[in-house]
file work.cif (mmCIF, C-alpha atoms and all ligand atoms)
data_final
loop_
_atom_site.label_atom_id
_atom_site.label_comp_id
_atom_site.auth_asym_id
_atom_site.auth_seq_id
_atom_site.Cartn_x
_atom_site.Cartn_y
_atom_site.Cartn_z
CA MET A 1 -1.04 0.36 -8.24
CA LYS A 2 -3.84 2.54 -9.53
CA ILE A 3 -4.77 3.45 -13.08
CA SER A 4 -3.75 7.04 -12.30
CA GLU A 5 -0.12 5.85 -12.16
CA ALA A 6 -0.26 4.69 -15.78
CA LYS A 7 0.52 7.43 -18.25
CA ILE A 8 1.16 8.31 -21.85
CA ILE A 9 4.76 9.47 -22.26
CA ASN A 10 5.74 11.56 -25.27
CA LEU A 11 9.12 10.63 -26.71
CA PRO A 12 11.68 12.95 -28.28
CA LYS A 13 10.99 13.44 -31.97
CA ILE A 14 13.78 14.52 -34.32
CA LEU A 15 11.95 15.77 -37.39
CA ASP A 16 13.95 15.48 -40.58
CA ARG A 17 12.96 15.69 -44.23
CA ARG A 18 14.87 12.42 -44.70
CA GLY A 19 12.49 10.76 -42.20
CA ASN A 20 11.80 11.22 -38.50
CA LEU A 21 13.54 9.62 -35.53
CA SER A 22 12.39 8.97 -31.96
CA ILE A 23 14.30 7.80 -28.92
CA ILE A 24 13.78 5.83 -25.69
CA GLU A 25 16.48 5.92 -23.00
CA GLU A 26 15.99 3.99 -19.77
CA MET A 27 15.54 6.13 -16.62
CA LYS A 28 15.26 9.21 -18.82
CA ASN A 29 12.22 8.81 -21.04
CA ILE A 30 10.82 5.87 -19.08
CA PRO A 31 10.99 5.37 -15.29
CA PHE A 32 12.75 1.98 -15.22
CA LYS A 33 15.78 0.11 -16.47
CA ILE A 34 15.08 -2.07 -19.51
CA GLU A 35 15.74 -5.73 -18.83
CA ARG A 36 13.83 -7.19 -21.78
CA THR A 37 12.27 -6.20 -25.09
CA TYR A 38 9.63 -8.07 -27.04
CA TRP A 39 7.14 -7.26 -29.73
CA ILE A 40 3.74 -8.44 -30.86
CA TYR A 41 2.93 -8.58 -34.56
CA ASP A 42 0.81 -10.44 -37.15
CA VAL A 43 -2.19 -10.27 -34.81
CA PRO A 44 -5.28 -11.64 -36.60
CA GLY A 45 -8.27 -9.29 -36.67
CA GLY A 46 -10.39 -9.45 -33.51
CA GLU A 47 -7.72 -11.11 -31.35
CA THR A 48 -6.89 -10.06 -27.77
CA ARG A 49 -3.41 -10.30 -26.23
CA GLY A 50 -2.14 -9.99 -22.71
CA ALA A 51 -5.15 -10.51 -20.47
CA HIS A 52 -3.14 -10.68 -17.25
CA ALA A 53 -1.33 -8.62 -14.59
CA TYR A 54 2.27 -8.69 -13.39
CA LYS A 55 3.27 -8.71 -9.73
CA GLU A 56 6.55 -6.88 -10.37
CA ASN A 57 7.14 -6.22 -14.05
CA GLN A 58 6.62 -2.71 -15.38
CA GLU A 59 6.23 -2.04 -19.08
CA PHE A 60 6.32 0.65 -21.71
CA ILE A 61 4.26 -0.06 -24.83
CA VAL A 62 4.68 1.71 -28.17
CA ALA A 63 2.73 1.26 -31.41
CA LEU A 64 5.73 1.27 -33.75
CA SER A 65 3.34 0.72 -36.62
CA GLY A 66 -0.44 0.63 -37.00
CA SER A 67 -2.72 0.95 -33.98
CA PHE A 68 -4.24 -0.95 -31.07
CA ASP A 69 -5.90 -0.30 -27.71
CA VAL A 70 -4.50 -1.10 -24.27
CA ILE A 71 -7.16 -1.54 -21.59
CA LEU A 72 -5.92 -1.13 -18.01
CA ASP A 73 -7.85 -2.13 -14.93
CA ASP A 74 -6.86 -1.64 -11.28
CA GLY A 75 -9.78 -3.68 -9.95
CA LYS A 76 -11.89 -0.55 -9.44
CA GLU A 77 -11.50 1.45 -12.60
CA LYS A 78 -10.85 0.62 -16.26
CA LYS A 79 -9.27 2.91 -18.83
CA THR A 80 -8.61 2.45 -22.55
CA PHE A 81 -5.53 4.00 -24.14
CA SER A 82 -5.40 4.07 -27.96
CA LEU A 83 -1.87 3.87 -29.30
CA ASN A 84 -1.33 4.81 -32.93
CA ARG A 85 1.92 6.79 -33.24
CA SER A 86 5.54 5.71 -32.75
CA TYR A 87 6.53 8.92 -30.88
CA TYR A 88 4.62 8.19 -27.69
CA GLY A 89 3.88 5.17 -25.54
CA LEU A 90 2.04 3.96 -22.48
CA TYR A 91 3.79 3.40 -19.16
CA VAL A 92 2.14 0.48 -17.34
CA PRO A 93 3.14 0.17 -13.66
CA LYS A 94 3.14 -3.22 -11.99
CA GLY A 95 -0.05 -4.66 -10.56
CA LEU A 96 -2.55 -3.60 -13.23
CA TRP A 97 -4.67 -5.96 -15.30
CA ARG A 98 -3.92 -5.22 -18.92
CA GLN A 99 -5.21 -6.42 -22.22
CA MET A 100 -4.59 -5.32 -25.78
CA ASN A 101 -7.12 -5.44 -28.59
CA ASN A 102 -8.38 -3.64 -31.71
CA PHE A 103 -5.13 -4.38 -33.54
CA SER A 104 -5.03 -2.86 -37.03
CA THR A 105 -3.57 -4.75 -39.97
CA ASN A 106 0.24 -4.59 -39.73
CA ALA A 107 0.15 -3.34 -36.12
CA LEU A 108 3.52 -3.71 -34.40
CA ALA A 109 3.55 -3.37 -30.59
CA LEU A 110 6.97 -2.82 -29.03
CA ILE A 111 7.11 -3.64 -25.32
CA LEU A 112 9.98 -2.69 -23.04
CA ALA A 113 9.94 -4.58 -19.75
CA SER A 114 11.64 -3.92 -16.42
CA THR A 115 12.23 -7.60 -15.55
CA LYS A 116 13.30 -10.79 -17.24
CA TYR A 117 10.52 -13.21 -18.20
CA HIS A 118 9.27 -15.06 -15.12
CA ALA A 119 6.13 -17.16 -15.57
CA ASN A 120 5.44 -16.84 -11.84
CA ASP A 121 5.26 -13.02 -12.10
CA TYR A 122 1.98 -13.37 -14.01
CA ILE A 123 -1.50 -13.25 -12.53
CA ARG A 124 -3.60 -14.85 -15.27
CA ASN A 125 -6.82 -15.38 -13.35
CA TYR A 126 -9.01 -12.26 -13.13
CA ASP A 127 -10.78 -13.40 -9.95
CA GLU A 128 -7.42 -13.97 -8.29
CA PHE A 129 -6.35 -10.48 -9.43
CA LEU A 130 -9.48 -8.93 -7.89
CA LYS A 131 -8.86 -10.82 -4.64
CA ILE A 132 -5.28 -9.49 -4.43
CA LYS A 133 -6.44 -5.94 -5.16
CA SER A 134 -9.22 -5.94 -2.56
P1 LIG B 201 2.25 -13.82 -22.89
O1 LIG B 201 2.97 -12.81 -22.07
O2 LIG B 201 1.24 -14.68 -22.20
O3 LIG B 201 1.55 -13.11 -24.13
P2 LIG B 201 0.37 -12.04 -24.11
O4 LIG B 201 0.24 -11.59 -22.72
O5 LIG B 201 0.80 -10.95 -25.02
O6 LIG B 201 -0.84 -12.75 -24.61
O7 LIG B 201 3.30 -14.72 -23.63
C1 LIG B 201 2.95 -15.66 -24.61
C2 LIG B 201 3.93 -16.80 -24.56
O8 LIG B 201 5.25 -16.34 -24.82
C3 LIG B 201 3.96 -17.48 -23.20
O9 LIG B 201 4.01 -18.89 -23.42
C4 LIG B 201 5.27 -17.06 -22.60
C5 LIG B 201 6.13 -16.67 -23.77
N1 LIG B 201 7.00 -15.52 -23.46
C6 LIG B 201 8.35 -15.73 -23.21
O10 LIG B 201 8.86 -16.87 -23.23
N2 LIG B 201 9.13 -14.65 -22.91
C7 LIG B 201 8.63 -13.39 -22.86
O11 LIG B 201 9.39 -12.42 -22.59
C8 LIG B 201 7.24 -13.19 -23.12
C9 LIG B 201 6.63 -11.82 -23.05
C10 LIG B 201 6.47 -14.29 -23.41
#
call {"tool": "encode", "arguments": {"input": "work.cif", "output": "structure tokens", "more": "lines below"}}
Ligand code: TYD
result
Amino acid sequence: MKISEAKIINLPKILDRRGNLSIIEEMKNIPFKIERTYWIYDVPGGETRGAHAYKENQEFIVALSGSFDVILDDGKEKKTFSLNRSYYGLYVPKGLWRQMNNFSTNALALILASTKYHANDYIRNYDEFLKIKS
């Protein structure tokens, strides 16, 4: 997969003076069925999460609160996406190296995943990733 297949997706936003509401429906707002949901929170300043790629898993990442950067890398090109609103997110296709950093205080990253957790779906070694991509 190439970086160009990753994209920011705007979510429906129901504005209301009582407070706003946004929605994610599988296969409608995001291009996969949701098999798993997890979230990352209480990240100490300066920490990096997720320096790895997945062979199969696709993800959709939303900053439900606060802000952070997602850096994607397809072995040729790198791109940084800054997430800081809960009404859009980043679609990450399989096969891209991704890391997350620059977490603000109280940042809450919601991640919707297309597969169950499989340790053997991870590529955690960057040199191995580059070898597979070449
Ligand atoms: P990992 O995906 O490596 O975190 P990150 O990429 O954000 O740094 O996961 C950290 C630990 O949590 C690792 O030991 C595996 C475990 N884990 C699960 O058991 N299930 C899951 O769905 C996820 C995402 C992680």
call {"tool": "closest_residue", "arguments": {"input": "work.cif", "among": "A:Ile71, A:Ala51, A:Ala109, A:Leu83", "to": "ligand LIG 201 (chain B)", "atoms": "only C-alpha atoms and all ligand atoms"}}
result
A:Ala51
call {"tool": "closest_residue", "arguments": {"input": "work.cif", "among": "A:Met27, A:Gly75, A:Ser65, A:Asn10", "to": "Glu128 (chain A)", "atoms": "all atoms listed in the file"}}
result
A:Gly75
call {"tool": "closest_residue", "arguments": {"input": "work.cif", "among": "A:Ala63, A:Ala113, A:Leu108, A:Met1", "to": "ligand LIG 201 (chain B)", "atoms": "all atoms listed in the file"}}
result
A:Ala113
call {"tool": "closest_atom_pairs", "arguments": {"input": "work.cif", "of": "chain A", "to": "ligand LIG 201 (chain B)", "cutoff": "8 Å", "atoms": "only C-alpha atoms and all ligand atoms", "output": "Markdown table"}}
result
| residue | atom | partner | partner_atom | distance |
| --- | --- | --- | --- | --- |
| A:Arg36 | CA | B:LIG201 | O11 | 6.9 |
| A:Thr37 | CA | B:LIG201 | O11 | 7.3 |
| A:Tyr38 | CA | B:LIG201 | O11 | 6.2 |
| A:Ile40 | CA | B:LIG201 | O5 | 7.0 |
| A:Thr48 | CA | B:LIG201 | O6 | 7.3 |
| A:Arg49 | CA | B:LIG201 | O6 | 3.9 |
| A:Gly50 | CA | B:LIG201 | O4 | 2.9 |
| A:Ala51 | CA | B:LIG201 | O4 | 5.9 |
| A:His52 | CA | B:LIG201 | O4 | 6.5 |
| A:Gln99 | CA | B:LIG201 | O4 | 7.5 |
| A:Met100 | CA | B:LIG201 | O5 | 7.8 |
| A:Lys116 | CA | B:LIG201 | O11 | 6.8 |
| A:Tyr117 | CA | B:LIG201 | O11 | 4.6 |
| A:His118 | CA | B:LIG201 | N2 | 7.8 |
| A:Ala119 | CA | B:LIG201 | C4 | 7.1 |
call {"tool": "closest_residue", "arguments": {"input": "work.cif", "among": "A:Ile61, A:Ile24, A:Ile30, A:Leu130", "to": "Ser82 (chain A)", "atoms": "all atoms listed in the file"}}
result
A:Ile61
call {"tool": "closest_residue", "arguments": {"input": "work.cif", "among": "A:Arg18, A:Lys131, A:Arg124, A:Lys28", "to": "Lys76 (chain A)", "atoms": "only C-alpha atoms"}}
result
A:Lys131
call {"tool": "residues_around", "arguments": {"input": "work.cif", "residues": "Phe81 (chain A)", "least_positions_apart": "5", "cutoff": "9 Å", "atoms": "all atoms listed in the file", "output": "ChimeraX atom specification"}}
result
/A:8,68-72,90
call {"tool": "atom_distance", "arguments": {"input": "work.cif", "atom1": "CA of Gln58 (chain A)", "atom2": "CA of Pro93 (chain A)"}}
result
4.8 Å
call {"tool": "closest_residue", "arguments": {"input": "work.cif", "among": "A:Tyr54, A:Leu110, A:Gly66, A:Arg17", "to": "Gly95 (chain A)", "atoms": "all atoms listed in the file"}}
result
A:Tyr54
call {"tool": "atom_distance", "arguments": {"input": "work.cif", "atom1": "CA of Thr115 (chain A)", "atom2": "CA of Ile34 (chain A)"}}
result
7.4 Å
call {"tool": "decode", "arguments": {"input": "work.cif", "residues": "region 102-129 of chain A", "atoms": "N, CA, C and O atoms", "output": "PDB file, in the first residue's frame"}}
result
ATOM      1  N   ASN A 102       3.839  13.318  19.581  1.00  0.00           N
ATOM      2  CA  ASN A 102       3.335  14.675  19.852  1.00  0.00           C
ATOM      3  C   ASN A 102       2.003  14.674  20.595  1.00  0.00           C
ATOM      4  O   ASN A 102       1.158  15.543  20.339  1.00  0.00           O
ATOM      5  N   PHE A 103       1.792  13.699  21.471  1.00  0.00           N
ATOM      6  CA  PHE A 103       0.524  13.633  22.206  1.00  0.00           C
ATOM      7  C   PHE A 103       0.403  14.831  23.143  1.00  0.00           C
ATOM      8  O   PHE A 103       1.332  15.134  23.911  1.00  0.00           O
ATOM      9  N   SER A 104      -0.737  15.502  23.108  1.00  0.00           N
ATOM     10  CA  SER A 104      -0.997  16.583  24.060  1.00  0.00           C
ATOM     11  C   SER A 104      -1.420  15.974  25.392  1.00  0.00           C
ATOM     12  O   SER A 104      -1.779  14.786  25.467  1.00  0.00           O
ATOM     13  N   THR A 105      -1.422  16.784  26.426  1.00  0.00           N
ATOM     14  CA  THR A 105      -1.953  16.336  27.720  1.00  0.00           C
ATOM     15  C   THR A 105      -3.423  15.962  27.506  1.00  0.00           C
ATOM     16  O   THR A 105      -4.145  16.652  26.802  1.00  0.00           O
ATOM     17  N   ASN A 106      -3.840  14.870  28.094  1.00  0.00           N
ATOM     18  CA  ASN A 106      -5.234  14.399  27.976  1.00  0.00           C
ATOM     19  C   ASN A 106      -5.626  13.931  26.584  1.00  0.00           C
ATOM     20  O   ASN A 106      -6.824  13.818  26.291  1.00  0.00           O
ATOM     21  N   ALA A 107      -4.659  13.667  25.702  1.00  0.00           N
ATOM     22  CA  ALA A 107      -5.013  13.153  24.373  1.00  0.00           C
ATOM     23  C   ALA A 107      -5.640  11.767  24.525  1.00  0.00           C
ATOM     24  O   ALA A 107      -5.193  10.954  25.340  1.00  0.00           O
ATOM     25  N   LEU A 108      -6.682  11.541  23.725  1.00  0.00           N
ATOM     26  CA  LEU A 108      -7.360  10.238  23.717  1.00  0.00           C
ATOM     27  C   LEU A 108      -7.487   9.800  22.260  1.00  0.00           C
ATOM     28  O   LEU A 108      -8.201  10.445  21.481  1.00  0.00           O
ATOM     29  N   ALA A 109      -6.755   8.743  21.900  1.00  0.00           N
ATOM     30  CA  ALA A 109      -6.759   8.244  20.516  1.00  0.00           C
ATOM     31  C   ALA A 109      -7.662   7.017  20.447  1.00  0.00           C
ATOM     32  O   ALA A 109      -7.382   5.998  21.084  1.00  0.00           O
ATOM     33  N   LEU A 110      -8.739   7.126  19.674  1.00  0.00           N
ATOM     34  CA  LEU A 110      -9.624   5.982  19.447  1.00  0.00           C
ATOM     35  C   LEU A 110      -9.170   5.302  18.161  1.00  0.00           C
ATOM     36  O   LEU A 110      -8.958   5.969  17.144  1.00  0.00           O
ATOM     37  N   ILE A 111      -9.024   3.965  18.214  1.00  0.00           N
ATOM     38  CA  ILE A 111      -8.582   3.239  17.023  1.00  0.00           C
ATOM     39  C   ILE A 111      -9.557   2.109  16.726  1.00  0.00           C
ATOM     40  O   ILE A 111      -9.818   1.254  17.580  1.00  0.00           O
ATOM     41  N   LEU A 112     -10.130   2.157  15.549  1.00  0.00           N
ATOM     42  CA  LEU A 112     -11.017   1.098  15.071  1.00  0.00           C
ATOM     43  C   LEU A 112     -10.194   0.222  14.147  1.00  0.00           C
ATOM     44  O   LEU A 112      -9.477   0.739  13.275  1.00  0.00           O
ATOM     45  N   ALA A 113     -10.281  -1.094  14.337  1.00  0.00           N
ATOM     46  CA  ALA A 113      -9.405  -2.003  13.598  1.00  0.00           C
ATOM     47  C   ALA A 113     -10.246  -3.023  12.832  1.00  0.00           C
ATOM     48  O   ALA A 113     -11.329  -3.422  13.280  1.00  0.00           O
ATOM     49  N   SER A 114      -9.719  -3.452  11.698  1.00  0.00           N
ATOM     50  CA  SER A 114     -10.478  -4.359  10.818  1.00  0.00           C
ATOM     51  C   SER A 114     -10.287  -5.827  11.173  1.00  0.00           C
ATOM     52  O   SER A 114     -10.989  -6.682  10.650  1.00  0.00           O
ATOM     53  N   THR A 115      -9.282  -6.121  12.021  1.00  0.00           N
ATOM     54  CA  THR A 115      -9.052  -7.528  12.412  1.00  0.00           C
ATOM     55  C   THR A 115      -8.940  -7.639  13.924  1.00  0.00           C
ATOM     56  O   THR A 115      -8.679  -6.644  14.611  1.00  0.00           O
ATOM     57  N   LYS A 116      -9.086  -8.862  14.406  1.00  0.00           N
ATOM     58  CA  LYS A 116      -8.797  -9.138  15.814  1.00  0.00           C
ATOM     59  C   LYS A 116      -7.296  -8.959  16.042  1.00  0.00           C
ATOM     60  O   LYS A 116      -6.526  -8.901  15.080  1.00  0.00           O
ATOM     61  N   TYR A 117      -6.883  -8.891  17.311  1.00  0.00           N
ATOM     62  CA  TYR A 117      -5.465  -8.758  17.617  1.00  0.00           C
ATOM     63  C   TYR A 117      -4.729 -10.058  17.296  1.00  0.00           C
ATOM     64  O   TYR A 117      -5.086 -11.121  17.813  1.00  0.00           O
ATOM     65  N   HIS A 118      -3.748  -9.963  16.412  1.00  0.00           N
ATOM     66  CA  HIS A 118      -2.878 -11.102  16.115  1.00  0.00           C
ATOM     67  C   HIS A 118      -1.447 -10.598  16.175  1.00  0.00           C
ATOM     68  O   HIS A 118      -1.045  -9.782  15.331  1.00  0.00           O
ATOM     69  N   ALA A 119      -0.674 -11.092  17.138  1.00  0.00           N
ATOM     70  CA  ALA A 119       0.714 -10.630  17.277  1.00  0.00           C
ATOM     71  C   ALA A 119       1.500 -10.863  15.988  1.00  0.00           C
ATOM     72  O   ALA A 119       2.380 -10.078  15.634  1.00  0.00           O
ATOM     73  N   ASN A 120       1.145 -11.936  15.252  1.00  0.00           N
ATOM     74  CA  ASN A 120       1.922 -12.239  14.043  1.00  0.00           C
ATOM     75  C   ASN A 120       1.509 -11.396  12.826  1.00  0.00           C
ATOM     76  O   ASN A 120       2.053 -11.570  11.741  1.00  0.00           O
ATOM     77  N   ASP A 121       0.535 -10.478  13.020  1.00  0.00           N
ATOM     78  CA  ASP A 121       0.196  -9.536  11.943  1.00  0.00           C
ATOM     79  C   ASP A 121       1.122  -8.314  11.964  1.00  0.00           C
ATOM     80  O   ASP A 121       1.114  -7.505  11.043  1.00  0.00           O
ATOM     81  N   TYR A 122       1.909  -8.194  13.044  1.00  0.00           N
ATOM     82  CA  TYR A 122       2.773  -7.024  13.192  1.00  0.00           C
ATOM     83  C   TYR A 122       4.112  -7.215  12.483  1.00  0.00           C
ATOM     84  O   TYR A 122       4.713  -8.281  12.552  1.00  0.00           O
ATOM     85  N   ILE A 123       4.588  -6.146  11.864  1.00  0.00           N
ATOM     86  CA  ILE A 123       5.998  -6.057  11.456  1.00  0.00           C
ATOM     87  C   ILE A 123       6.603  -4.984  12.358  1.00  0.00           C
ATOM     88  O   ILE A 123       6.228  -3.813  12.256  1.00  0.00           O
ATOM     89  N   ARG A 124       7.464  -5.397  13.271  1.00  0.00           N
ATOM     90  CA  ARG A 124       7.984  -4.460  14.267  1.00  0.00           C
ATOM     91  C   ARG A 124       9.411  -4.005  13.967  1.00  0.00           C
ATOM     92  O   ARG A 124       9.933  -3.122  14.642  1.00  0.00           O
ATOM     93  N   ASN A 125      10.010  -4.647  12.953  1.00  0.00           N
ATOM     94  CA  ASN A 125      11.391  -4.304  12.617  1.00  0.00           C
ATOM     95  C   ASN A 125      11.392  -3.479  11.328  1.00  0.00           C
ATOM     96  O   ASN A 125      10.912  -3.937  10.283  1.00  0.00           O
ATOM     97  N   TYR A 126      11.914  -2.247  11.402  1.00  0.00           N
ATOM     98  CA  TYR A 126      11.817  -1.329  10.259  1.00  0.00           C
ATOM     99  C   TYR A 126      12.601  -1.837   9.053  1.00  0.00           C
ATOM    100  O   TYR A 126      12.151  -1.690   7.911  1.00  0.00           O
ATOM    101  N   ASP A 127      13.737  -2.481   9.297  1.00  0.00           N
ATOM    102  CA  ASP A 127      14.532  -3.016   8.176  1.00  0.00           C
ATOM    103  C   ASP A 127      13.769  -4.133   7.472  1.00  0.00           C
ATOM    104  O   ASP A 127      13.797  -4.227   6.240  1.00  0.00           O
ATOM    105  N   GLU A 128      13.090  -4.949   8.278  1.00  0.00           N
ATOM    106  CA  GLU A 128      12.275  -6.022   7.692  1.00  0.00           C
ATOM    107  C   GLU A 128      11.132  -5.422   6.857  1.00  0.00           C
ATOM    108  O   GLU A 128      10.832  -5.885   5.753  1.00  0.00           O
ATOM    109  N   PHE A 129      10.533  -4.346   7.392  1.00  0.00           N
ATOM    110  CA  PHE A 129       9.464  -3.650   6.656  1.00  0.00           C
ATOM    111  C   PHE A 129       9.981  -3.155   5.298  1.00  0.00           C
ATOM    112  O   PHE A 129       9.352  -3.382   4.259  1.00  0.00           O
TER     113      PHE A 129
END
